[in-house]
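Coordinates from model.cif are shown below (mmCIF, C-alpha atoms).
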data_final
#
loop_
_atom_site.group_PDB
_atom_site.id
_atom_site.type_symbol
_atom_site.label_atom_id
_atom_site.label_comp_id
_atom_site.auth_asym_id
_atom_site.auth_seq_id
_atom_site.Cartn_x
_atom_site.Cartn_y
_atom_site.Cartn_z
ATOM 1 C CA MET L 1 93.419 56.715 211.187
ATOM 2 C CA ASN L 2 92.819 60.463 211.500
ATOM 3 C CA THR L 3 92.437 61.514 207.877
ATOM 4 C CA GLN L 4 91.923 65.148 208.822
ATOM 5 C CA SER L 5 95.420 65.394 210.287
ATOM 6 C CA MET L 6 96.844 64.198 206.987
ATOM 7 C CA MET L 7 95.214 67.000 204.989
ATOM 8 C CA PRO L 8 97.784 69.540 203.688
ATOM 9 C CA THR L 9 97.566 73.144 204.776
ATOM 10 C CA TRP L 10 97.488 75.326 201.670
ATOM 11 C CA ALA L 11 100.270 77.880 201.425
ATOM 12 C CA VAL L 12 99.648 81.602 201.282
ATOM 13 C CA VAL L 13 100.001 82.555 197.637
ATOM 14 C CA LEU L 14 101.025 85.938 196.216
ATOM 15 C CA THR L 15 100.472 86.436 192.523
ATOM 16 C CA LEU L 16 101.321 89.377 190.320
ATOM 17 C CA SER L 17 99.606 89.987 187.038
ATOM 18 C CA LEU L 18 100.417 92.678 184.486
ATOM 19 C CA THR L 19 98.041 93.963 181.869
ATOM 20 C CA LEU L 20 99.329 96.429 179.287
ATOM 21 C CA THR L 21 97.280 98.650 177.035
ATOM 22 C CA LEU L 22 99.206 100.652 174.448
ATOM 23 C CA THR L 23 98.117 103.850 172.797
ATOM 24 C CA VAL L 24 100.490 104.983 170.083
ATOM 25 C CA ALA L 25 100.410 108.409 168.554
ATOM 26 C CA THR L 26 102.991 109.885 166.249
ATOM 27 C CA ILE L 27 104.685 111.963 168.963
ATOM 28 C CA PRO L 28 104.591 111.386 171.832
ATOM 29 C CA THR L 29 103.635 107.742 172.277
ATOM 30 C CA THR L 30 101.975 106.797 175.540
ATOM 31 C CA ILE L 31 101.968 103.618 177.609
ATOM 32 C CA THR L 32 99.017 102.855 179.818
ATOM 33 C CA ALA L 33 99.653 100.029 182.249
ATOM 34 C CA THR L 34 97.579 98.361 184.935
ATOM 35 C CA PHE L 35 99.402 96.530 187.685
ATOM 36 C CA SER L 36 97.395 94.108 189.768
ATOM 37 C CA VAL L 37 98.333 92.119 192.866
ATOM 38 C CA GLU L 38 95.881 89.543 194.175
ATOM 39 C CA ALA L 39 95.052 89.553 197.842
ATOM 40 C CA PRO L 40 96.793 86.662 199.645
ATOM 41 C CA SER L 41 94.771 83.475 199.921
ATOM 42 C CA PRO L 42 93.824 82.267 203.406
ATOM 43 C CA SER L 43 95.267 79.209 205.020
ATOM 44 C CA HIS L 44 92.855 76.620 203.653
ATOM 45 C CA ASN L 45 91.934 73.349 205.339
ATOM 46 C CA PRO L 46 89.607 71.433 202.987
ATOM 47 C CA ALA L 47 88.113 69.508 205.874
ATOM 48 C CA THR L 48 86.807 72.594 207.657
ATOM 49 C CA CYS L 49 86.666 75.360 204.999
ATOM 50 C CA ASP L 50 84.418 75.470 201.957
ATOM 51 C CA GLY L 51 86.501 78.117 200.209
ATOM 52 C CA HIS L 52 84.647 81.195 201.454
ATOM 53 C CA LEU L 53 87.047 83.762 202.933
ATOM 54 C CA GLN L 54 84.877 84.568 205.958
ATOM 55 C CA GLU L 55 84.683 80.910 206.964
ATOM 56 C CA CYS L 56 88.431 80.247 206.920
ATOM 57 C CA ASP L 57 90.989 80.925 209.627
ATOM 58 C CA LEU L 58 93.609 83.451 208.475
ATOM 59 C CA GLU L 59 97.189 83.197 209.630
ATOM 60 C CA PRO L 60 98.972 86.562 210.130
ATOM 61 C CA LEU L 61 101.130 87.567 207.174
ATOM 62 C CA PRO L 62 104.871 87.841 207.812
ATOM 63 C CA ARG L 63 105.478 91.609 207.691
ATOM 64 C CA ALA L 64 108.775 93.227 206.719
ATOM 65 C CA LYS L 65 110.243 96.174 204.829
ATOM 66 C CA PRO L 66 111.793 95.408 201.427
ATOM 67 C CA VAL L 67 115.460 96.138 200.896
ATOM 68 C CA ARG L 68 115.887 98.358 197.840
ATOM 69 C CA ARG L 69 119.351 98.069 196.365
ATOM 70 C CA GLU L 70 121.369 99.396 193.470
ATOM 71 C CA VAL L 71 124.117 96.763 193.718
ATOM 72 C CA TYR L 72 123.600 93.011 193.993
ATOM 73 C CA GLY L 73 125.688 89.865 194.253
ATOM 74 C CA GLY L 74 128.404 91.358 196.418
ATOM 75 C CA GLY L 75 129.255 94.119 193.965
ATOM 76 C CA LYS L 76 128.859 92.114 190.767
ATOM 77 C CA ILE L 77 125.484 93.335 189.490
ATOM 78 C CA PHE L 78 124.671 97.037 189.118
ATOM 79 C CA ASP L 79 121.200 98.361 188.377
ATOM 80 C CA ILE L 80 121.717 101.279 185.991
ATOM 81 C CA THR L 81 118.006 101.975 185.527
ATOM 82 C CA HIS L 82 116.323 105.004 187.052
ATOM 83 C CA GLN L 83 113.215 104.334 189.082
ATOM 84 C CA VAL L 84 109.988 105.381 187.394
ATOM 85 C CA ARG L 85 109.187 108.290 189.657
ATOM 86 C CA ALA L 86 107.799 111.801 189.740
ATOM 87 C CA GLY L 87 110.518 114.361 189.113
ATOM 88 C CA ILE L 88 112.405 112.694 186.266
ATOM 89 C CA PRO L 89 113.312 115.420 183.747
ATOM 90 C CA LEU L 90 111.468 115.691 180.448
ATOM 91 C CA TYR L 91 112.742 117.235 177.238
ATOM 92 C CA LYS L 92 112.345 121.045 177.346
ATOM 93 C CA ASN L 93 109.964 120.781 180.300
ATOM 94 C CA PRO L 94 110.838 122.898 183.370
ATOM 95 C CA LEU L 95 108.565 120.851 185.667
ATOM 96 C CA GLY L 96 109.661 117.290 184.896
ATOM 97 C CA THR L 97 107.390 114.318 185.410
ATOM 98 C CA ASN L 98 104.380 114.417 187.708
ATOM 99 C CA ASP L 99 102.770 111.481 189.468
ATOM 100 C CA SER L 100 101.218 109.535 186.628
ATOM 101 C CA VAL L 101 98.562 107.590 188.548
ATOM 102 C CA VAL L 102 95.207 108.129 186.852
ATOM 103 C CA LEU L 103 93.274 105.345 188.601
ATOM 104 C CA ASP L 104 93.938 103.674 191.945
ATOM 105 C CA LEU L 105 91.787 100.844 193.295
ATOM 106 C CA SER L 106 92.585 99.044 196.523
ATOM 107 C CA ILE L 107 91.502 96.277 198.846
ATOM 108 C CA ASN L 108 91.330 98.395 202.003
ATOM 109 C CA GLY L 109 90.929 101.910 200.602
ATOM 110 C CA ARG L 110 94.397 103.284 201.323
ATOM 111 C CA ASN L 111 95.058 106.930 200.482
ATOM 112 C CA ASN L 112 91.326 107.617 200.154
ATOM 113 C CA THR L 113 91.011 105.311 197.141
ATOM 114 C CA PRO L 114 87.887 103.250 196.407
ATOM 115 C CA LYS L 115 87.993 100.118 198.550
ATOM 116 C CA GLY L 116 86.363 96.721 198.526
ATOM 117 C CA TRP L 117 88.222 95.384 195.494
ATOM 118 C CA THR L 118 89.628 91.863 195.438
ATOM 119 C CA ASN L 119 93.077 93.180 194.557
ATOM 120 C CA ASN L 120 95.195 96.334 194.424
ATOM 121 C CA SER L 121 95.237 97.918 190.981
ATOM 122 C CA LYS L 122 96.778 101.070 189.497
ATOM 123 C CA LEU L 123 96.441 102.659 186.091
ATOM 124 C CA LYS L 124 99.471 104.736 185.061
ATOM 125 C CA GLU L 125 100.468 106.706 181.979
ATOM 126 C CA TYR L 126 103.993 107.393 180.750
ATOM 127 C CA ALA L 127 105.619 108.657 177.580
ATOM 128 C CA VAL L 128 107.829 105.995 176.016
ATOM 129 C CA HIS L 129 110.849 108.360 175.878
ATOM 130 C CA PHE L 130 110.875 108.713 179.638
ATOM 131 C CA GLY L 131 113.503 107.859 182.239
ATOM 132 C CA THR L 132 115.754 104.992 181.165
ATOM 133 C CA HIS L 133 114.582 104.069 177.666
ATOM 134 C CA VAL L 134 115.607 103.022 174.168
ATOM 135 C CA ASP L 135 115.187 104.780 170.817
ATOM 136 C CA ALA L 136 114.226 102.708 167.792
ATOM 137 C CA PRO L 137 115.143 103.732 164.207
ATOM 138 C CA SER L 138 111.526 104.793 163.679
ATOM 139 C CA HIS L 139 112.050 107.571 166.245
ATOM 140 C CA SER L 140 113.720 109.777 163.618
ATOM 141 C CA PHE L 141 112.410 108.511 160.285
ATOM 142 C CA ASP L 142 108.819 108.258 159.105
ATOM 143 C CA GLU L 143 109.931 105.774 156.434
ATOM 144 C CA TYR L 144 111.287 103.432 159.136
ATOM 145 C CA TYR L 145 108.093 103.909 161.143
ATOM 146 C CA ASP L 146 106.037 102.814 158.122
ATOM 147 C CA ASP L 147 108.417 99.901 157.438
ATOM 148 C CA GLY L 148 108.090 98.592 161.006
ATOM 149 C CA PHE L 149 111.515 99.319 162.496
ATOM 150 C CA ASP L 150 110.014 99.720 165.961
ATOM 151 C CA VAL L 151 111.032 98.648 169.458
ATOM 152 C CA ASP L 152 109.665 95.146 168.930
ATOM 153 C CA ALA L 153 112.067 94.673 165.997
ATOM 154 C CA MET L 154 115.185 95.595 167.981
ATOM 155 C CA ASP L 155 118.000 93.047 168.130
ATOM 156 C CA LEU L 156 118.289 91.575 171.632
ATOM 157 C CA GLU L 157 121.816 90.451 170.839
ATOM 158 C CA THR L 158 122.813 94.094 170.431
ATOM 159 C CA LEU L 159 121.140 94.975 173.723
ATOM 160 C CA ASN L 160 122.904 92.223 175.671
ATOM 161 C CA GLY L 161 126.581 91.320 175.809
ATOM 162 C CA PRO L 162 130.082 92.593 176.612
ATOM 163 C CA ALA L 163 130.222 96.362 177.094
ATOM 164 C CA LEU L 164 132.761 99.065 177.827
ATOM 165 C CA VAL L 165 132.024 101.945 180.200
ATOM 166 C CA VAL L 166 134.102 105.008 179.363
ATOM 167 C CA ASP L 167 134.556 108.244 181.285
ATOM 168 C CA VAL L 168 134.184 111.224 178.945
ATOM 169 C CA PRO L 169 136.486 114.151 179.872
ATOM 170 C CA SER L 170 134.403 116.575 181.903
ATOM 171 C CA ASN L 171 135.293 119.643 179.847
ATOM 172 C CA MET L 172 133.858 118.476 176.508
ATOM 173 C CA ASN L 173 130.910 117.084 174.641
ATOM 174 C CA ILE L 174 131.244 113.794 172.740
ATOM 175 C CA THR L 175 132.998 115.144 169.676
ATOM 176 C CA ALA L 176 135.189 113.347 167.164
ATOM 177 C CA GLU L 177 138.229 114.530 169.151
ATOM 178 C CA ALA L 178 136.762 113.231 172.409
ATOM 179 C CA LEU L 179 136.042 109.823 170.860
ATOM 180 C CA GLN L 180 139.566 109.577 169.489
ATOM 181 C CA SER L 181 140.997 110.438 172.915
ATOM 182 C CA LEU L 182 138.998 107.602 174.515
ATOM 183 C CA GLN L 183 140.857 105.083 172.301
ATOM 184 C CA ILE L 184 137.965 102.641 172.134
ATOM 185 C CA PRO L 185 139.338 99.429 170.593
ATOM 186 C CA LYS L 186 138.027 98.143 167.274
ATOM 187 C CA GLY L 187 135.586 95.300 167.773
ATOM 188 C CA VAL L 188 133.914 96.822 170.833
ATOM 189 C CA ARG L 189 130.185 96.819 170.022
ATOM 190 C CA ARG L 190 128.591 98.276 173.170
ATOM 191 C CA VAL L 191 129.806 101.465 174.835
ATOM 192 C CA ILE L 192 128.258 103.343 177.731
ATOM 193 C CA PHE L 193 129.370 106.966 177.988
ATOM 194 C CA LYS L 194 129.606 108.315 181.529
ATOM 195 C CA THR L 195 129.698 112.098 181.326
ATOM 196 C CA LEU L 196 129.497 115.206 183.458
ATOM 197 C CA ASN L 197 125.720 114.659 183.439
ATOM 198 C CA THR L 198 126.241 112.036 186.134
ATOM 199 C CA GLY L 199 128.526 114.274 188.175
ATOM 200 C CA ARG L 200 125.944 117.084 188.006
ATOM 201 C CA ARG L 201 123.162 114.580 188.835
ATOM 202 C CA LEU L 202 121.035 115.957 185.998
ATOM 203 C CA MET L 203 118.764 112.900 185.907
ATOM 204 C CA TRP L 204 117.902 113.568 189.545
ATOM 205 C CA ARG L 205 116.785 117.148 188.838
ATOM 206 C CA ARG L 206 113.219 117.863 187.852
ATOM 207 C CA GLU L 207 113.950 120.792 185.555
ATOM 208 C CA PHE L 208 115.364 120.241 182.059
ATOM 209 C CA HIS L 209 118.978 121.446 181.680
ATOM 210 C CA SER L 210 119.815 122.541 178.150
ATOM 211 C CA ASP L 211 123.597 122.466 178.804
ATOM 212 C CA PHE L 212 123.747 118.690 179.208
ATOM 213 C CA VAL L 213 126.644 116.732 177.677
ATOM 214 C CA GLY L 214 125.933 114.735 174.533
ATOM 215 C CA PHE L 215 127.072 113.844 171.046
ATOM 216 C CA THR L 216 127.796 116.529 168.492
ATOM 217 C CA THR L 217 127.106 115.973 164.805
ATOM 218 C CA CYS L 218 130.787 115.432 164.046
ATOM 219 C CA GLY L 219 131.065 112.991 166.965
ATOM 220 C CA ALA L 220 128.097 110.948 165.777
ATOM 221 C CA LYS L 221 129.463 110.770 162.223
ATOM 222 C CA TRP L 222 132.931 109.784 163.418
ATOM 223 C CA LEU L 223 131.467 106.966 165.534
ATOM 224 C CA VAL L 224 129.479 105.556 162.600
ATOM 225 C CA ASP L 225 132.435 105.777 160.192
ATOM 226 C CA ASN L 226 135.261 104.603 162.455
ATOM 227 C CA THR L 227 133.969 102.209 165.115
ATOM 228 C CA ASP L 228 132.045 98.953 165.471
ATOM 229 C CA ILE L 229 129.757 100.367 168.166
ATOM 230 C CA LYS L 230 126.123 99.250 167.882
ATOM 231 C CA LEU L 231 124.850 100.123 171.373
ATOM 232 C CA ILE L 232 125.321 103.656 172.683
ATOM 233 C CA GLY L 233 124.389 104.314 176.291
ATOM 234 C CA ILE L 234 124.318 107.792 177.819
ATOM 235 C CA ASP L 235 123.405 109.360 181.146
ATOM 236 C CA TYR L 236 120.772 111.932 180.148
ATOM 237 C CA ILE L 237 117.375 111.803 178.496
ATOM 238 C CA THR L 238 118.701 112.335 174.976
ATOM 239 C CA THR L 239 121.870 111.477 173.067
ATOM 240 C CA GLY L 240 122.653 114.613 171.049
ATOM 241 C CA VAL L 241 123.529 118.025 172.415
ATOM 242 C CA LEU L 242 120.624 120.440 172.176
ATOM 243 C CA ASP L 243 121.880 122.328 169.106
ATOM 244 C CA ASP L 244 122.628 119.074 167.219
ATOM 245 C CA LEU L 245 119.882 116.880 168.662
ATOM 246 C CA ILE L 246 117.990 116.085 165.455
ATOM 247 C CA PRO L 247 120.991 115.518 163.143
ATOM 248 C CA VAL L 248 122.727 113.365 165.781
ATOM 249 C CA HIS L 249 119.717 111.061 166.022
ATOM 250 C CA LYS L 250 119.403 110.863 162.240
ATOM 251 C CA ILE L 251 123.097 110.016 161.800
ATOM 252 C CA LEU L 252 123.061 107.316 164.483
ATOM 253 C CA LEU L 253 119.667 105.763 163.691
ATOM 254 C CA ARG L 254 119.914 105.875 159.900
ATOM 255 C CA PRO L 255 121.920 102.584 159.629
ATOM 256 C CA ARG L 256 119.125 100.820 161.609
ATOM 257 C CA ASP L 257 121.599 98.623 163.502
ATOM 258 C CA ILE L 258 122.549 101.116 166.249
ATOM 259 C CA VAL L 259 120.531 101.196 169.464
ATOM 260 C CA LEU L 260 120.394 104.297 171.662
ATOM 261 C CA VAL L 261 119.896 103.698 175.397
ATOM 262 C CA GLU L 262 119.197 107.006 177.128
ATOM 263 C CA GLY L 263 118.714 108.115 180.723
ATOM 264 C CA LEU L 264 121.086 105.600 182.325
ATOM 265 C CA LYS L 265 121.921 105.781 186.034
ATOM 266 C CA LEU L 266 125.710 105.650 186.224
ATOM 267 C CA ASP L 267 126.293 106.944 189.749
ATOM 268 C CA GLY L 268 129.123 104.939 191.298
ATOM 269 C CA ILE L 269 129.897 103.041 188.080
ATOM 270 C CA GLU L 270 133.619 102.842 187.375
ATOM 271 C CA PRO L 271 135.017 102.773 183.833
ATOM 272 C CA GLY L 272 135.868 99.318 182.572
ATOM 273 C CA HIS L 273 134.585 96.119 181.046
ATOM 274 C CA TYR L 274 131.174 94.689 181.981
ATOM 275 C CA THR L 275 128.321 92.695 180.558
ATOM 276 C CA VAL L 276 125.279 94.831 179.847
ATOM 277 C CA ASN L 277 121.734 93.469 179.819
ATOM 278 C CA CYS L 278 118.931 95.727 178.582
ATOM 279 C CA LEU L 279 115.392 94.438 178.028
ATOM 280 C CA PRO L 280 112.980 97.019 176.599
ATOM 281 C CA MET L 281 109.248 96.448 176.745
ATOM 282 C CA ARG L 282 107.900 94.803 173.581
ATOM 283 C CA LEU L 283 105.844 97.592 172.046
ATOM 284 C CA PRO L 284 104.956 97.057 168.385
ATOM 285 C CA LYS L 285 104.585 100.293 166.395
ATOM 286 C CA SER L 286 106.358 102.242 169.134
ATOM 287 C CA ASP L 287 109.487 104.324 168.438
ATOM 288 C CA GLY L 288 110.726 104.027 172.028
ATOM 289 C CA ALA L 289 110.212 102.045 175.213
ATOM 290 C CA PRO L 290 111.199 101.999 178.871
ATOM 291 C CA THR L 291 113.929 99.468 179.546
ATOM 292 C CA ARG L 292 115.532 97.787 182.542
ATOM 293 C CA CYS L 293 119.333 97.776 182.237
ATOM 294 C CA ILE L 294 121.973 96.174 184.446
ATOM 295 C CA LEU L 295 125.732 95.865 184.329
ATOM 296 C CA VAL L 296 127.446 92.653 185.449
ATOM 297 C CA ARG L 297 131.100 92.781 186.392
#

Take the structure in the file and give it back as structure tokens.
Amino acid sequence: MNTQSMMPTWAVVLTLSLTLTLTVATIPTTITATFSVEAPSPSHNPATCDGHLQECDLEPLPRAKPVRREVYGGGKIFDITHQVRAGIPLYKNPLGTNDSVVLDLSINGRNNTPKGWTNNSKLKEYAVHFGTHVDAPSHSFDEYYDDGFDVDAMDLETLNGPALVVDVPSNMNITAEALQSLQIPKGVRRVIFKTLNTGRRLMWRREFHSDFVGFTTCGAKWLVDNTDIKLIGIDYITTGVLDDLIPVHKILLRPRDIVLVEGLKLDGIEPGHYTVNCLPMRLPKSDGAPTRCILVR
């Protein structure tokens, strides 16, 4: 019997590991993340290879270009998260976000990076209130920060479940009158507000636009007093209009059971009923965090 022919050929393995280091300051808070992908293992025949890379025969990797999509499942799943990219607007910053890579190590030395490493590894830095993200109650109240009402304490049930996408009239901010005109039924707990910000593609523009659409103070108070809404989603980097930004956040975050999801990508999203799924990064002692959000029809 030829025992060698019965030996299995080991499969090429691709692994992805994620190491997170968090530095939290009062404002702003910063995430530092290292992403590491191991080099693919060689085809390994135990009868002829002792495990050293140079002594093993390598089979060519199947090469292809990934398909990047915004809609999945034949129009049932919509990714409403903005890519983490240079050029996302920042609050009161005319230049937006720059490339955040602060360290780049590679196997083969691409882009003039140090080579000879066993895997590809990047170190990146981002503010937690960046792109598509959530605000915790501690974002607006020092007392809540001290008490521990951070991102890690957020209710995942609030962040996931039936949701209503509404189209805010293009000629107004989200005032009490605008909310009344939307006729959001009692019992609806998650509402995503699609505004003129999407039509103007403000999240795609590097410079900060102070005339973005958002909640006014009276709108925020009316929502708290007259609706059951616990998740508010909006399509720019902050929820309140510029003149009312601080009081809007304080009104909405004071009850501690309302979650703000900011910087959503609502291009092509029609008003109606969906299921929303948002999963922020677990960042203890952080007042905000990047989040991946999808809508399921």

Neighbours of L:Leu105 within 9 Å (only C-alpha atoms; same-chain residues fewer than 6 positions away dropped), as a short mmCIF file (atom, residue, chain, number, x, y, z; two decimals) with C-alpha atoms, keeping the file's coordinate frame?
data_model
loop_
_atom_site.label_atom_id
_atom_site.label_comp_id
_atom_site.auth_asym_id
_atom_site.auth_seq_id
_atom_site.Cartn_x
_atom_site.Cartn_y
_atom_site.Cartn_z
CA THR L 113 91.01 105.31 197.14
CA PRO L 114 87.89 103.25 196.41
CA LYS L 115 87.99 100.12 198.55
CA GLY L 116 86.36 96.72 198.53
CA TRP L 117 88.22 95.38 195.49
CA ASN L 119 93.08 93.18 194.56
CA ASN L 120 95.20 96.33 194.42
CA SER L 121 95.24 97.92 190.98
CA LYS L 122 96.78 101.07 189.50
CA LEU L 123 96.44 102.66 186.09
#

Query raised in the report: Between L:Gly288, L:Pro271, L:Leu295, L:His209, which is the closest to L:Ser138 once you count all atoms listed in the file?
Result: L:Gly288

**Report entry** Proximity to L:Gln180 - best of L:Thr239, L:Asn226, L:Asn160, L:Thr291, all atoms listed in the file
**Finding:**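 Of L:Thr239, L:Asn226, L:Asn160, L:Thr291, the one nearest L:Gln180, counting all atoms listed in the file, is L:Asn226.
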
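If you count only C-alpha atoms and ignore residues fewer than 4 places along the chain from L:Val168, what sits within 8 Å of it is Met172, Asn173, Ile174, Ala178, Leu182, Phe193, Lys194, Thr195 and Leu196 of chain L.
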
Query raised in the report: Which one of L:Ile269, L:Ala220, L:Val84, L:Leu103 sits closest to L:Val128 if you count only C-alpha atoms?
Result: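 The shortest atom-to-atom distance to L:Val128 comes from L:Val84.
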
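Here atom CA of L:Asn171 and atom CA of L:Phe215 stand 13.4 Å from one another.
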
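For the pair atom CA of L:Pro290 and atom CA of L:Glu70, the separation is 18.0 Å.
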
**Report entry** Long-range neighbours of L:Asp146 as an NGL selection string, 12 Å cut-off, all atoms listed in the file, 6 positions minimum in chain
**Finding:** :L and (26 or 137-140 or 284-287)

Requested in this report: May I ask which of the residues L:Asp228, L:Asp244, L:Glu207, L:Glu270 is the closest one to L:Pro94, counting all atoms listed in the file?
Outcome: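 Of L:Asp228, L:Asp244, L:Glu207, L:Glu270, the one nearest L:Pro94, counting all atoms listed in the file, is L:Glu207.
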
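Relative to atom CA of L:Gly263, atom CA of L:Lys221 is found at 21.6 Å.
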
Query raised in the report: Using only C-alpha atoms, which of L:Met281, L:Cys293, L:Leu245, L:Ile192 sits nearest L:Met154?
Result: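 Ranking L:Met281, L:Cys293, L:Leu245, L:Ile192 by distance to L:Met154, first place goes to L:Met281.
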
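The nearest approach to L:Val134 among the residues L:Leu253, L:Leu164, L:Leu61, L:Leu260, with only C-alpha atoms taken into account, belongs to L:Leu260.
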
**Report entry** 10 Å contact set for L:Phe78, only C-alpha atoms, chain neighbours under 3 positions out, as an MDAnalysis selection string
**Finding:** chainID L and resid 69:75 81 265:266 268:269 274 276 293:297

Report task. Identify the residues around (120.0, 118.5, 173.1) within a radius of 8 Å, measuring from all atoms listed in the file in the coordinates stated by the file, and give them as a list in words. Result -> Ser210, Asp211, Phe212, Gly214, Thr238, Thr239, Gly240, Val241, Leu242, Asp243, Asp244 and Leu245 of chain L

Query - Shell around L:Ala153 at 9 Å using all atoms listed in the file, local window under 5 positions removed, as number ranges by chain - result: L: 136, 148, 282, 284

Go ahead and write the residues just picked, C-alpha atoms, as an mmCIF file, in the coordinates of the input.
data_model
loop_
_atom_site.group_PDB
_atom_site.id
_atom_site.type_symbol
_atom_site.label_atom_id
_atom_site.label_comp_id
_atom_site.auth_asym_id
_atom_site.auth_seq_id
_atom_site.Cartn_x
_atom_site.Cartn_y
_atom_site.Cartn_z
ATOM 1 C CA ALA L 136 114.226 102.708 167.792
ATOM 2 C CA GLY L 148 108.090 98.592 161.006
ATOM 3 C CA ARG L 282 107.900 94.803 173.581
ATOM 4 C CA PRO L 284 104.956 97.057 168.385
#

Requested in this report: Please return, as a PyMOL selection string, all polymer residues that have at least one atom within 8 Å of the point (131.0, 92.6, 168.9); use only C-alpha atoms and the file's own coordinate frame.
Outcome: chain L and resi 162+187-190+228-229

Kindly complete stretch 78-96 of chain L to N, CA and C atoms; the output should be written as an mmCIF file, in the frame of the given file.
data_model
loop_
_atom_site.group_PDB
_atom_site.id
_atom_site.type_symbol
_atom_site.label_atom_id
_atom_site.label_comp_id
_atom_site.auth_asym_id
_atom_site.auth_seq_id
_atom_site.Cartn_x
_atom_site.Cartn_y
_atom_site.Cartn_z
ATOM 1 N N PHE L 78 125.010 95.639 188.880
ATOM 2 C CA PHE L 78 124.671 97.037 189.118
ATOM 3 C C PHE L 78 123.403 97.388 188.343
ATOM 4 N N ASP L 79 122.423 97.902 189.045
ATOM 5 C CA ASP L 79 121.200 98.361 188.377
ATOM 6 C C ASP L 79 121.452 99.776 187.876
ATOM 7 N N ILE L 80 121.442 99.957 186.565
ATOM 8 C CA ILE L 80 121.717 101.279 185.991
ATOM 9 C C ILE L 80 120.442 101.886 185.394
ATOM 10 N N THR L 81 119.311 101.478 185.959
ATOM 11 C CA THR L 81 118.006 101.975 185.527
ATOM 12 C C THR L 81 117.468 102.943 186.572
ATOM 13 N N HIS L 82 116.967 104.078 186.125
ATOM 14 C CA HIS L 82 116.323 105.004 187.052
ATOM 15 C C HIS L 82 114.932 104.491 187.422
ATOM 16 N N GLN L 83 114.580 104.656 188.673
ATOM 17 C CA GLN L 83 113.215 104.334 189.082
ATOM 18 C C GLN L 83 112.226 105.191 188.299
ATOM 19 N N VAL L 84 111.082 104.606 187.987
ATOM 20 C CA VAL L 84 109.988 105.381 187.394
ATOM 21 C C VAL L 84 109.355 106.179 188.522
ATOM 22 N N ARG L 85 109.590 107.472 188.521
ATOM 23 C CA ARG L 85 109.187 108.290 189.657
ATOM 24 C C ARG L 85 108.811 109.690 189.181
ATOM 25 N N ALA L 86 108.049 110.386 189.996
ATOM 26 C CA ALA L 86 107.799 111.801 189.740
ATOM 27 C C ALA L 86 109.104 112.571 189.902
ATOM 28 N N GLY L 87 109.323 113.542 189.019
ATOM 29 C CA GLY L 87 110.518 114.361 189.113
ATOM 30 C C GLY L 87 111.601 114.031 188.114
ATOM 31 N N ILE L 88 111.429 112.968 187.325
ATOM 32 C CA ILE L 88 112.405 112.694 186.266
ATOM 33 C C ILE L 88 112.283 113.793 185.209
ATOM 34 N N PRO L 89 113.403 114.325 184.723
ATOM 35 C CA PRO L 89 113.312 115.420 183.747
ATOM 36 C C PRO L 89 112.694 114.971 182.430
ATOM 37 N N LEU L 90 112.038 115.900 181.772
ATOM 38 C CA LEU L 90 111.468 115.691 180.448
ATOM 39 C C LEU L 90 112.061 116.723 179.496
ATOM 40 N N TYR L 91 112.126 116.362 178.231
ATOM 41 C CA TYR L 91 112.742 117.235 177.238
ATOM 42 C C TYR L 91 112.035 118.590 177.173
ATOM 43 N N LYS L 92 112.807 119.657 177.399
ATOM 44 C CA LYS L 92 112.345 121.045 177.346
ATOM 45 C C LYS L 92 111.140 121.315 178.249
ATOM 46 N N ASN L 93 111.059 120.589 179.346
ATOM 47 C CA ASN L 93 109.964 120.781 180.300
ATOM 48 C C ASN L 93 110.562 121.223 181.632
ATOM 49 N N PRO L 94 110.231 122.415 182.124
ATOM 50 C CA PRO L 94 110.838 122.898 183.370
ATOM 51 C C PRO L 94 110.311 122.194 184.617
ATOM 52 N N LEU L 95 109.205 121.456 184.499
ATOM 53 C CA LEU L 95 108.565 120.851 185.667
ATOM 54 C C LEU L 95 108.868 119.376 185.828
ATOM 55 N N GLY L 96 109.401 118.716 184.801
ATOM 56 C CA GLY L 96 109.661 117.290 184.896
ATOM 57 C C GLY L 96 108.380 116.482 184.953
#
